[in-house]
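Take a look at the structure set out below.
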Amino acid sequence: MQGVGFRPFVFRLARANTLSGWVYNDEEGLEIFVEGSDQGLEAFVQELKATPPPAARIAEIEVRSSEPAGLDDFTIRDSRRQDSPTTRISPDLAVCDDCLKELFDPADEHYHYPYINCTNCGPRYSVVMQLPYDRQNTTMARWPLDVFCARQYDDPWNRRFHAQPVACELCGPSYYLQSRDETVLGNEPSICLAAKLLARGVILAVKGLGGYHLACDARNTSAVQALRERKYRKEKPFALMVPNLGVARQIVEVSAEAESLLTSVARPIVLMPARIDLPLIAPDSRELGVMLPYTPLHHLLFGFGAPEVLVMTSANRSSEPIAFEDSDALERLSAIADAFLVGERPIARRIDDSVTRVGVLGPAVLRRSRGYAPGAVTTIPTRRSILALGADLKNSITLVVDGQAFVSQHIGDLSDYESRRAFQQTVDDLVAMYDLDWNDLLLVHDRHPQYASTLHAQGRAPFERRSVQHHRAHIASVLAERREWNTRVVGVSFDGTGYGDDGTIWGGEIFVGSVAEGFDRIAHLRPALLPGGDAAAQNPVQAAAGFLHAIGDLPELKSPPFSFPDRYDDAKALIRKDIRTFATTSMGRLFDAAASLLGFTREVSFEGQAAMWLEQLARHARAGDAYAFPFDGKELDFRPLLQSVAQDRSLGRRCPEIARAFQRGIARGLNTAITALCDSHRVATVVVSGGVFQNELLLEDLKASLEPFPIALWANHEVPSNDGGISLGQAALAAFGRFAPEAPETKHA
Ligand SMILES: [Zn+2]
Ligand SMILES: [Zn+2]
């Protein structure tokens, strides 16, 4: 991998053990030739394994002996093919401990310099404009090195040997602070003032690694309230940044696994159980998303006295992508931020913070972006170059080159114009970066004929393109992570929406098969109606109208305790007149229907909100009964489930207990289906994927219920189980030729 300091590390290690030889990168990885004493060789190999550079990911070390060549020096050879298409672009790296020490050492040349970095740390993907990864191909090109930096850059013994973004106070870019009435120049004065403003309750736009953040004191209620109002972000949780683990432990419960995610070189946001009450930060949630500082600038802000718990949220309005260009940020954010802390180093492309959690089944990525992208998540056995365009929600794309599957950063929801532009840019960017010819690419897209990503693929004609069915892609994404191409599994794909084989809205699907042989749909949720189609995702009561239509004996839902709004009647009218009403097997909408019966009757302000609300509600009750969710070998029947929810609510049962019994019912019904289908298809592995499985309580119940059975339960770890993982699954199925048949002529939302 380029830019993680491996070759200089090998150089120093060889010299330290008085070995001669050489090192270079080739398509397969790093090749090292060393000769010298047995003792020296042994120590070299041992240290190579034990203490590689922090950002290097070593898949395998192979040691072979060969004839000595009689070399008398150790050299770093130029890479044979630095422009090789399989050259990996390193993700951005958090600032390392050595650089941090220098950052706060008054005797060091990099004292208080916000762009300090070295071969072990700093920006990569966010500064590289094209390959090979050389200074002139990064956004640092316009800052020539001064004598001091050049000496470090040229010295193989130095930590900054060939560190492309190196800079110092004298030769590198700077930060400045701009508020309505003044501009403060200079790194120290501007960052110092920014910290003071934050302490005073100001909303600050801060230019970071992959874009702008909006920051404010998380404990200052009026500042957070103002941020919500100005950003048009009513309820979606805000991420927090704290200076260190100690402060993190004061506000959230940090498990050992969460700690290793928090402190990993990717430095993602980690969702953890809250220990303090910050209702404005994450309404209706028991979790807070927390990250540690990852740029020198963040450390300086805290060092100069910024509040210890900062809101650090992507700078954008509502659903727009994160702002990353200065003029655009100043324009778009002028009504939100009171002041701007602007850094001169341009950002090559926008990259949001990644979001992770320690799940019931292991680490899970909810948004895969900074620190991970554009890393290869797996290898797929194919010689074909494949470009998989993902789905329209939470879009990401996957590029397969020489079998390596590179997954892009999170791009966003393609209903937004700016996100569609970002999508197009990312496609062009990755294809250009790997120097691919469009004629050689197999384009893969979702089967939905109206998806923006589908239309984009069509617009690329005459290049070859094929489609892959949405829910099969979810299952394949899990198997691709594990390189399990032939393992036959029962695959459970539960999400909000996806285009089905029959043109209806799927989302509660069970398959059997493998990536290599393809997946057959063998069972599903009993179909319900969905007035308004995909637009019903905005209004849980619309889903309720559709699902409850199939149930005869219901209490009056317009009166208390339900008090459904008029939108419910409007939706019922659509069904009666058969206007814009579609068939659906969506589990996401089933959760919406249950949530509205339990009181969530307003519009959602972000995707999946009602289901998350229901899960949190259920967490306030102890495990007890489970409502019936029968499986007849083909269909899971939601009618008894919803009927119990409605009845118990009208009888005055506590809502948390109803929510818990609903969730347990889902898990138990699913358990019945899984065990029956594993038995009849002689399969011992179950794969679960789709956004519904971000519900940790559901996973917990399902895992517990499967423990008595000899059935393995697999889920996503490297890519999100939501639609952010679709592109990887598309690429895997395409590599094995498992495309969707031609789309049928059926009405669809
Ligand atoms: Zn460093
Ligand atoms: Zn310099």
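Each chain in the structure tokens gets a letter, A, B, ..., in the order shown, and its residues are numbered from 1; ligands are numbered from 1 in order too.
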Env. residues ligand 1 / 6 Å / only C-alpha atoms and all ligand atoms / as a PyMOL selection string: chain A and resi 95-96+98-99+117-118+120-121
Could you list, as a list in words, every residue within 7 Å of A:Phe494, counting only C-alpha atoms and ignoring same-chain residues fewer than 4 positions away? Gly507, Gly508, Glu509, Met587, Ser689, Gly690, Gly691 and Val692 of chain A
Counting only C-alpha atoms and all ligand atoms, what are the residues, protein, DNA or RNA alike, that approach ligand 2 to within 10 Å? I want them as a PyMOL selection string. chain A and resi 109-110+143-153+166-173
Need the shell around A:Ala388: protein/DNA/RNA residues with any atom at most 9 Å away, counting only C-alpha atoms. Skip same-chain ones fewer than 4 positions apart. Format as an MDAnalysis selection string? chainID A and resid 396:400 442:446 726:731 734
Write to file, as a PDB file, in the first residue's frame, the residues of the selection just made, with N, CA and C atoms.
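Produced file again.pdb, reproduced below:
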```pdb
ATOM      1  N   SER A 396     -22.980   3.785  -1.816  1.00  0.00           N
ATOM      2  CA  SER A 396     -21.527   3.663  -1.953  1.00  0.00           C
ATOM      3  C   SER A 396     -21.314   2.897  -3.244  1.00  0.00           C
ATOM      4  N   ILE A 397     -20.117   2.980  -3.823  1.00  0.00           N
ATOM      5  CA  ILE A 397     -19.848   2.189  -5.017  1.00  0.00           C
ATOM      6  C   ILE A 397     -18.658   1.270  -4.756  1.00  0.00           C
ATOM      7  N   THR A 398     -18.587   0.175  -5.491  1.00  0.00           N
ATOM      8  CA  THR A 398     -17.472  -0.761  -5.343  1.00  0.00           C
ATOM      9  C   THR A 398     -16.812  -0.952  -6.697  1.00  0.00           C
ATOM     10  N   LEU A 399     -15.480  -0.872  -6.689  1.00  0.00           N
ATOM     11  CA  LEU A 399     -14.717  -1.093  -7.904  1.00  0.00           C
ATOM     12  C   LEU A 399     -13.853  -2.329  -7.687  1.00  0.00           C
ATOM     13  N   VAL A 400     -13.999  -3.310  -8.580  1.00  0.00           N
ATOM     14  CA  VAL A 400     -13.169  -4.510  -8.485  1.00  0.00           C
ATOM     15  C   VAL A 400     -12.094  -4.435  -9.568  1.00  0.00           C
ATOM     16  N   LEU A 442     -17.354  -3.856 -16.452  1.00  0.00           N
ATOM     17  CA  LEU A 442     -18.721  -4.348 -16.369  1.00  0.00           C
ATOM     18  C   LEU A 442     -19.446  -3.469 -15.350  1.00  0.00           C
ATOM     19  N   LEU A 443     -20.484  -2.785 -15.818  1.00  0.00           N
ATOM     20  CA  LEU A 443     -21.247  -1.906 -14.928  1.00  0.00           C
ATOM     21  C   LEU A 443     -22.380  -2.698 -14.298  1.00  0.00           C
ATOM     22  N   VAL A 444     -22.510  -2.598 -12.982  1.00  0.00           N
ATOM     23  CA  VAL A 444     -23.565  -3.336 -12.295  1.00  0.00           C
ATOM     24  C   VAL A 444     -24.419  -2.349 -11.510  1.00  0.00           C
ATOM     25  N   HIS A 445     -25.733  -2.505 -11.615  1.00  0.00           N
ATOM     26  CA  HIS A 445     -26.623  -1.597 -10.905  1.00  0.00           C
ATOM     27  C   HIS A 445     -27.794  -2.364 -10.321  1.00  0.00           C
ATOM     28  N   ASP A 446     -28.567  -1.679  -9.496  1.00  0.00           N
ATOM     29  CA  ASP A 446     -29.743  -2.283  -8.894  1.00  0.00           C
ATOM     30  C   ASP A 446     -30.797  -2.522  -9.965  1.00  0.00           C
ATOM     31  N   ILE A 726     -24.632  -2.598  -0.314  1.00  0.00           N
ATOM     32  CA  ILE A 726     -25.205  -3.198  -1.526  1.00  0.00           C
ATOM     33  C   ILE A 726     -24.190  -3.323  -2.659  1.00  0.00           C
ATOM     34  N   SER A 727     -23.353  -2.303  -2.847  1.00  0.00           N
ATOM     35  CA  SER A 727     -22.454  -2.334  -4.012  1.00  0.00           C
ATOM     36  C   SER A 727     -21.479  -3.505  -3.929  1.00  0.00           C
ATOM     37  N   LEU A 728     -21.029  -3.853  -2.731  1.00  0.00           N
ATOM     38  CA  LEU A 728     -20.113  -4.996  -2.597  1.00  0.00           C
ATOM     39  C   LEU A 728     -20.823  -6.297  -2.995  1.00  0.00           C
ATOM     40  N   GLY A 729     -22.066  -6.440  -2.536  1.00  0.00           N
ATOM     41  CA  GLY A 729     -22.834  -7.635  -2.886  1.00  0.00           C
ATOM     42  C   GLY A 729     -23.113  -7.711  -4.380  1.00  0.00           C
ATOM     43  N   GLN A 730     -23.397  -6.556  -4.983  1.00  0.00           N
ATOM     44  CA  GLN A 730     -23.608  -6.517  -6.443  1.00  0.00           C
ATOM     45  C   GLN A 730     -22.361  -6.996  -7.174  1.00  0.00           C
ATOM     46  N   ALA A 731     -21.204  -6.512  -6.726  1.00  0.00           N
ATOM     47  CA  ALA A 731     -19.943  -6.870  -7.388  1.00  0.00           C
ATOM     48  C   ALA A 731     -19.698  -8.372  -7.281  1.00  0.00           C
ATOM     49  N   ALA A 734     -22.114 -10.298  -9.500  1.00  0.00           N
ATOM     50  CA  ALA A 734     -21.765 -10.064 -10.908  1.00  0.00           C
ATOM     51  C   ALA A 734     -20.539 -10.884 -11.301  1.00  0.00           C
TER      52      ALA A 734
END
```
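Between atom CA of A:Phe11 and atom CA of A:Phe74 lies a distance of 6.8 Å.
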Can you list every residue in stretch 157-386 of chain A that DSSP puts in strand (DSSP E or B), as an mmCIF file with N, CA, C and O atoms, in the first residue's frame?
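Result file follows (states12.cif):
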```
data_model
loop_
_atom_site.group_PDB
_atom_site.id
_atom_site.type_symbol
_atom_site.label_atom_id
_atom_site.label_comp_id
_atom_site.auth_asym_id
_atom_site.auth_seq_id
_atom_site.Cartn_x
_atom_site.Cartn_y
_atom_site.Cartn_z
ATOM 1 N N TYR A 175 -3.983 27.819 9.038
ATOM 2 C CA TYR A 175 -5.388 28.051 9.355
ATOM 3 C C TYR A 175 -5.620 29.542 9.605
ATOM 4 O O TYR A 175 -4.696 30.264 9.977
ATOM 5 N N TYR A 176 -6.829 29.992 9.354
ATOM 6 C CA TYR A 176 -7.220 31.333 9.767
ATOM 7 C C TYR A 176 -8.673 31.305 10.226
ATOM 8 O O TYR A 176 -9.418 30.375 9.892
ATOM 9 N N LEU A 177 -9.038 32.299 11.019
ATOM 10 C CA LEU A 177 -10.405 32.334 11.540
ATOM 11 C C LEU A 177 -11.155 33.514 10.955
ATOM 12 O O LEU A 177 -10.636 34.625 10.905
ATOM 13 N N GLN A 178 -12.349 33.221 10.496
ATOM 14 C CA GLN A 178 -13.131 34.286 9.894
ATOM 15 C C GLN A 178 -14.497 34.362 10.563
ATOM 16 O O GLN A 178 -15.234 33.376 10.601
ATOM 17 N N SER A 179 -14.786 35.511 11.117
ATOM 18 C CA SER A 179 -16.127 35.712 11.672
ATOM 19 C C SER A 179 -16.745 36.880 10.921
ATOM 20 O O SER A 179 -16.143 37.411 9.992
ATOM 21 N N THR A 183 -11.045 38.893 10.579
ATOM 22 C CA THR A 183 -10.288 37.739 10.136
ATOM 23 C C THR A 183 -9.014 37.683 10.959
ATOM 24 O O THR A 183 -8.306 38.680 11.059
ATOM 25 N N VAL A 184 -8.774 36.529 11.592
ATOM 26 C CA VAL A 184 -7.570 36.382 12.402
ATOM 27 C C VAL A 184 -6.645 35.402 11.701
ATOM 28 O O VAL A 184 -7.006 34.256 11.447
ATOM 29 N N LEU A 204 -19.267 26.920 15.411
ATOM 30 C CA LEU A 204 -18.078 27.117 14.596
ATOM 31 C C LEU A 204 -18.038 26.107 13.459
ATOM 32 O O LEU A 204 -18.250 24.913 13.672
ATOM 33 N N ALA A 205 -17.784 26.586 12.237
ATOM 34 C CA ALA A 205 -17.519 25.668 11.127
ATOM 35 C C ALA A 205 -16.015 25.431 11.091
ATOM 36 O O ALA A 205 -15.245 26.382 11.074
ATOM 37 N N VAL A 206 -15.613 24.163 11.141
ATOM 38 C CA VAL A 206 -14.186 23.816 11.207
ATOM 39 C C VAL A 206 -13.825 22.956 10.018
ATOM 40 O O VAL A 206 -14.435 21.912 9.784
ATOM 41 N N LYS A 207 -12.809 23.384 9.264
ATOM 42 C CA LYS A 207 -12.379 22.567 8.141
ATOM 43 C C LYS A 207 -11.500 21.429 8.663
ATOM 44 O O LYS A 207 -10.507 21.659 9.343
ATOM 45 N N TYR A 212 -16.002 19.929 6.085
ATOM 46 C CA TYR A 212 -16.233 20.827 7.211
ATOM 47 C C TYR A 212 -17.096 20.153 8.272
ATOM 48 O O TYR A 212 -17.993 19.374 7.948
ATOM 49 N N HIS A 213 -16.806 20.468 9.520
ATOM 50 C CA HIS A 213 -17.676 20.086 10.635
ATOM 51 C C HIS A 213 -18.360 21.339 11.169
ATOM 52 O O HIS A 213 -17.809 22.439 11.068
ATOM 53 N N LEU A 214 -19.515 21.145 11.784
ATOM 54 C CA LEU A 214 -20.088 22.192 12.611
ATOM 55 C C LEU A 214 -19.844 21.766 14.044
ATOM 56 O O LEU A 214 -20.190 20.639 14.430
ATOM 57 N N ALA A 215 -19.220 22.641 14.819
ATOM 58 C CA ALA A 215 -18.856 22.298 16.187
ATOM 59 C C ALA A 215 -19.489 23.273 17.162
ATOM 60 O O ALA A 215 -19.653 24.455 16.853
ATOM 61 N N CYS A 216 -19.876 22.747 18.326
ATOM 62 C CA CYS A 216 -20.277 23.613 19.431
ATOM 63 C C CYS A 216 -20.171 22.819 20.722
ATOM 64 O O CYS A 216 -19.975 21.605 20.701
ATOM 65 N N ASP A 217 -20.295 23.528 21.855
ATOM 66 C CA ASP A 217 -20.221 22.897 23.170
ATOM 67 C C ASP A 217 -21.456 22.018 23.370
ATOM 68 O O ASP A 217 -22.571 22.515 23.438
ATOM 69 N N LEU A 240 -20.284 13.318 18.725
ATOM 70 C CA LEU A 240 -19.509 14.073 19.701
ATOM 71 C C LEU A 240 -18.028 13.777 19.540
ATOM 72 O O LEU A 240 -17.649 12.680 19.133
ATOM 73 N N MET A 241 -17.201 14.762 19.881
ATOM 74 C CA MET A 241 -15.758 14.526 19.946
ATOM 75 C C MET A 241 -15.286 14.914 21.336
ATOM 76 O O MET A 241 -15.662 15.961 21.859
ATOM 77 N N VAL A 252 -19.962 7.927 28.195
ATOM 78 C CA VAL A 252 -20.510 6.673 27.653
ATOM 79 C C VAL A 252 -19.825 5.478 28.309
ATOM 80 O O VAL A 252 -18.755 5.609 28.897
ATOM 81 N N ILE A 269 -16.478 7.245 14.492
ATOM 82 C CA ILE A 269 -17.477 7.500 15.521
ATOM 83 C C ILE A 269 -17.919 6.127 16.025
ATOM 84 O O ILE A 269 -18.169 5.225 15.229
ATOM 85 N N VAL A 270 -17.986 5.951 17.337
ATOM 86 C CA VAL A 270 -18.437 4.677 17.897
ATOM 87 C C VAL A 270 -19.702 4.933 18.708
ATOM 88 O O VAL A 270 -19.719 5.815 19.572
ATOM 89 N N LEU A 271 -20.758 4.179 18.401
ATOM 90 C CA LEU A 271 -21.985 4.313 19.179
ATOM 91 C C LEU A 271 -21.833 3.490 20.454
ATOM 92 O O LEU A 271 -21.501 2.309 20.401
ATOM 93 N N MET A 272 -22.070 4.130 21.602
ATOM 94 C CA MET A 272 -21.922 3.451 22.887
ATOM 95 C C MET A 272 -23.048 3.872 23.818
ATOM 96 O O MET A 272 -23.604 4.958 23.660
ATOM 97 N N PRO A 273 -23.389 3.013 24.811
ATOM 98 C CA PRO A 273 -24.470 3.365 25.732
ATOM 99 C C PRO A 273 -24.146 4.634 26.516
ATOM 100 O O PRO A 273 -23.047 4.770 27.059
ATOM 101 N N ALA A 274 -25.087 5.561 26.576
ATOM 102 C CA ALA A 274 -24.862 6.850 27.241
ATOM 103 C C ALA A 274 -24.818 6.675 28.752
ATOM 104 O O ALA A 274 -25.551 5.870 29.324
ATOM 105 N N GLU A 287 -28.029 5.672 23.183
ATOM 106 C CA GLU A 287 -26.642 5.648 22.733
ATOM 107 C C GLU A 287 -26.162 7.036 22.332
ATOM 108 O O GLU A 287 -26.940 7.869 21.889
ATOM 109 N N LEU A 288 -24.851 7.244 22.474
ATOM 110 C CA LEU A 288 -24.216 8.449 21.948
ATOM 111 C C LEU A 288 -23.103 8.027 21.001
ATOM 112 O O LEU A 288 -22.418 7.037 21.246
ATOM 113 N N GLY A 289 -22.947 8.774 19.927
ATOM 114 C CA GLY A 289 -21.856 8.518 18.976
ATOM 115 C C GLY A 289 -20.672 9.397 19.335
ATOM 116 O O GLY A 289 -20.783 10.619 19.327
ATOM 117 N N VAL A 290 -19.557 8.769 19.683
ATOM 118 C CA VAL A 290 -18.400 9.515 20.173
ATOM 119 C C VAL A 290 -17.165 9.165 19.355
ATOM 120 O O VAL A 290 -16.987 8.012 18.961
ATOM 121 N N MET A 291 -16.335 10.165 19.099
ATOM 122 C CA MET A 291 -15.041 9.891 18.464
ATOM 123 C C MET A 291 -13.952 10.658 19.184
ATOM 124 O O MET A 291 -14.209 11.616 19.906
ATOM 125 N N LEU A 310 -17.547 18.131 22.592
ATOM 126 C CA LEU A 310 -17.937 18.970 21.459
ATOM 127 C C LEU A 310 -18.892 18.226 20.541
ATOM 128 O O LEU A 310 -18.684 17.045 20.253
ATOM 129 N N VAL A 311 -19.935 18.916 20.078
ATOM 130 C CA VAL A 311 -20.680 18.399 18.931
ATOM 131 C C VAL A 311 -19.755 18.555 17.732
ATOM 132 O O VAL A 311 -19.119 19.586 17.559
ATOM 133 N N MET A 312 -19.625 17.488 16.924
ATOM 134 C CA MET A 312 -18.811 17.555 15.704
ATOM 135 C C MET A 312 -19.625 16.866 14.617
ATOM 136 O O MET A 312 -19.533 15.664 14.418
ATOM 137 N N THR A 313 -20.440 17.642 13.946
ATOM 138 C CA THR A 313 -21.360 17.045 12.986
ATOM 139 C C THR A 313 -20.998 17.516 11.584
ATOM 140 O O THR A 313 -20.479 18.621 11.405
ATOM 141 N N SER A 314 -21.239 16.676 10.595
ATOM 142 C CA SER A 314 -20.954 17.035 9.211
ATOM 143 C C SER A 314 -21.617 18.355 8.876
ATOM 144 O O SER A 314 -22.791 18.555 9.175
ATOM 145 N N ALA A 339 -18.826 31.508 13.017
ATOM 146 C CA ALA A 339 -17.443 31.762 12.618
ATOM 147 C C ALA A 339 -16.895 30.539 11.898
ATOM 148 O O ALA A 339 -17.413 29.439 12.057
ATOM 149 N N PHE A 340 -15.858 30.773 11.114
ATOM 150 C CA PHE A 340 -15.238 29.699 10.325
ATOM 151 C C PHE A 340 -13.765 29.574 10.662
ATOM 152 O O PHE A 340 -13.040 30.563 10.638
ATOM 153 N N LEU A 341 -13.327 28.358 10.959
ATOM 154 C CA LEU A 341 -11.907 28.079 11.114
ATOM 155 C C LEU A 341 -11.478 27.347 9.845
ATOM 156 O O LEU A 341 -11.818 26.185 9.639
ATOM 157 N N VAL A 342 -10.785 28.091 8.976
ATOM 158 C CA VAL A 342 -10.524 27.594 7.627
ATOM 159 C C VAL A 342 -9.047 27.231 7.472
ATOM 160 O O VAL A 342 -8.169 28.015 7.834
ATOM 161 N N GLY A 343 -8.792 26.057 6.959
ATOM 162 C CA GLY A 343 -7.421 25.656 6.664
ATOM 163 C C GLY A 343 -7.163 25.805 5.177
ATOM 164 O O GLY A 343 -8.051 25.592 4.356
ATOM 165 N N VAL A 355 -19.071 5.615 10.939
ATOM 166 C CA VAL A 355 -19.838 5.316 12.148
ATOM 167 C C VAL A 355 -19.823 3.810 12.387
ATOM 168 O O VAL A 355 -20.098 3.032 11.466
ATOM 169 N N THR A 356 -19.483 3.420 13.607
ATOM 170 C CA THR A 356 -19.384 1.994 13.934
ATOM 171 C C THR A 356 -20.047 1.714 15.281
ATOM 172 O O THR A 356 -20.405 2.635 16.002
ATOM 173 N N ARG A 357 -20.191 0.451 15.600
ATOM 174 C CA ARG A 357 -20.579 0.062 16.946
ATOM 175 C C ARG A 357 -20.099 -1.359 17.207
ATOM 176 O O ARG A 357 -19.770 -2.097 16.285
ATOM 177 N N VAL A 358 -20.027 -1.698 18.494
ATOM 178 C CA VAL A 358 -19.728 -3.074 18.842
ATOM 179 C C VAL A 358 -21.069 -3.781 18.896
ATOM 180 O O VAL A 358 -21.870 -3.549 19.786
ATOM 181 N N GLY A 359 -21.330 -4.605 17.908
ATOM 182 C CA GLY A 359 -22.636 -5.236 17.820
ATOM 183 C C GLY A 359 -22.680 -6.554 18.569
ATOM 184 O O GLY A 359 -21.669 -7.045 19.064
ATOM 185 N N GLY A 362 -20.416 -8.811 16.857
ATOM 186 C CA GLY A 362 -19.071 -8.298 16.592
ATOM 187 C C GLY A 362 -19.130 -6.891 16.058
ATOM 188 O O GLY A 362 -20.211 -6.297 15.950
ATOM 189 N N PRO A 363 -17.959 -6.318 15.712
ATOM 190 C CA PRO A 363 -17.940 -4.938 15.243
ATOM 191 C C PRO A 363 -18.797 -4.755 13.991
ATOM 192 O O PRO A 363 -18.819 -5.630 13.121
ATOM 193 N N ALA A 364 -19.505 -3.650 13.940
ATOM 194 C CA ALA A 364 -20.366 -3.382 12.788
ATOM 195 C C ALA A 364 -20.121 -1.959 12.321
ATOM 196 O O ALA A 364 -19.920 -1.055 13.124
ATOM 197 N N VAL A 365 -20.106 -1.778 11.000
ATOM 198 C CA VAL A 365 -19.940 -0.449 10.418
ATOM 199 C C VAL A 365 -21.305 0.019 9.946
ATOM 200 O O VAL A 365 -21.975 -0.673 9.191
ATOM 201 N N LEU A 366 -21.728 1.181 10.396
ATOM 202 C CA LEU A 366 -23.013 1.713 9.948
ATOM 203 C C LEU A 366 -22.832 2.695 8.810
ATOM 204 O O LEU A 366 -23.690 2.832 7.955
ATOM 205 N N ARG A 367 -21.692 3.422 8.846
ATOM 206 C CA ARG A 367 -21.342 4.280 7.710
ATOM 207 C C ARG A 367 -19.847 4.108 7.493
ATOM 208 O O ARG A 367 -19.052 4.389 8.373
ATOM 209 N N ALA A 376 -9.390 -1.833 0.226
ATOM 210 C CA ALA A 376 -9.979 -3.066 -0.311
ATOM 211 C C ALA A 376 -10.585 -3.836 0.857
ATOM 212 O O ALA A 376 -9.925 -4.039 1.864
ATOM 213 N N VAL A 377 -11.846 -4.242 0.736
ATOM 214 C CA VAL A 377 -12.470 -4.973 1.837
ATOM 215 C C VAL A 377 -12.346 -6.475 1.652
ATOM 216 O O VAL A 377 -12.461 -7.228 2.600
ATOM 217 N N THR A 378 -12.103 -6.914 0.422
ATOM 218 C CA THR A 378 -12.014 -8.346 0.189
ATOM 219 C C THR A 378 -11.425 -8.578 -1.196
ATOM 220 O O THR A 378 -11.177 -7.629 -1.943
ATOM 221 N N THR A 379 -11.147 -9.846 -1.515
ATOM 222 C CA THR A 379 -10.771 -10.167 -2.891
ATOM 223 C C THR A 379 -11.848 -11.067 -3.472
ATOM 224 O O THR A 379 -12.404 -11.923 -2.785
ATOM 225 N N SER A 385 -12.830 -6.321 -14.622
ATOM 226 C CA SER A 385 -12.986 -5.114 -13.814
ATOM 227 C C SER A 385 -14.474 -4.811 -13.705
ATOM 228 O O SER A 385 -15.178 -4.751 -14.715
ATOM 229 N N ILE A 386 -14.936 -4.662 -12.480
ATOM 230 C CA ILE A 386 -16.372 -4.478 -12.234
ATOM 231 C C ILE A 386 -16.597 -3.172 -11.492
ATOM 232 O O ILE A 386 -15.902 -2.874 -10.524
#
```
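Nearest residue to A:Val489, choosing from A:Ile674, A:Ala550, A:Ala461, A:Ala628 and counting only C-alpha atoms: A:Ile674.
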I'd like the neighbourhood of A:Ile522 as a ChimeraX atom specification, where a residue qualifies if any of its atoms comes within 8 Å (using only C-alpha atoms), though same-chain residues fewer than 2 positions away should be ignored. /A:510-512,520,524,634
Show me, as a VMD selection string, the residues that have an atom within 10 Å of A:Arg249 when counting only C-alpha atoms, minus same-chain residues fewer than 4 positions from it. chain A and resid 242 244 to 245 253 to 255 259 274 to 275
Got a sec: who's within 8 Å of stretch 591-601 of chain A, counting only C-alpha atoms, leaving out chain neighbours fewer than 4 positions off, as JSON, numbers by chain? {"A": [539, 540, 541, 542, 543, 544, 545, 547, 562, 564, 565, 587, 610, 611, 613, 614, 642, 645, 646, 649, 655, 659, 662]}
Members of stretch 697-746 of chain A assigned alpha helix (DSSP H) by DSSP, as a PyMOL selection string: chain A and resi 697-706+726-735
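Coordinates place atom CA of A:Arg521 at a distance of 16.7 Å from atom CA of A:Asp637.
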Distance atom CA of A:Ala528-atom CA of A:Thr581, one decimal place? 10.2 Å
Exercise: A:Gly211 partners within 10 Å, only C-alpha atoms, chain neighbours under 4 positions left out, as a PyMOL selection string: chain A and resi 126+206-207+314-316+321-326+329+346-353
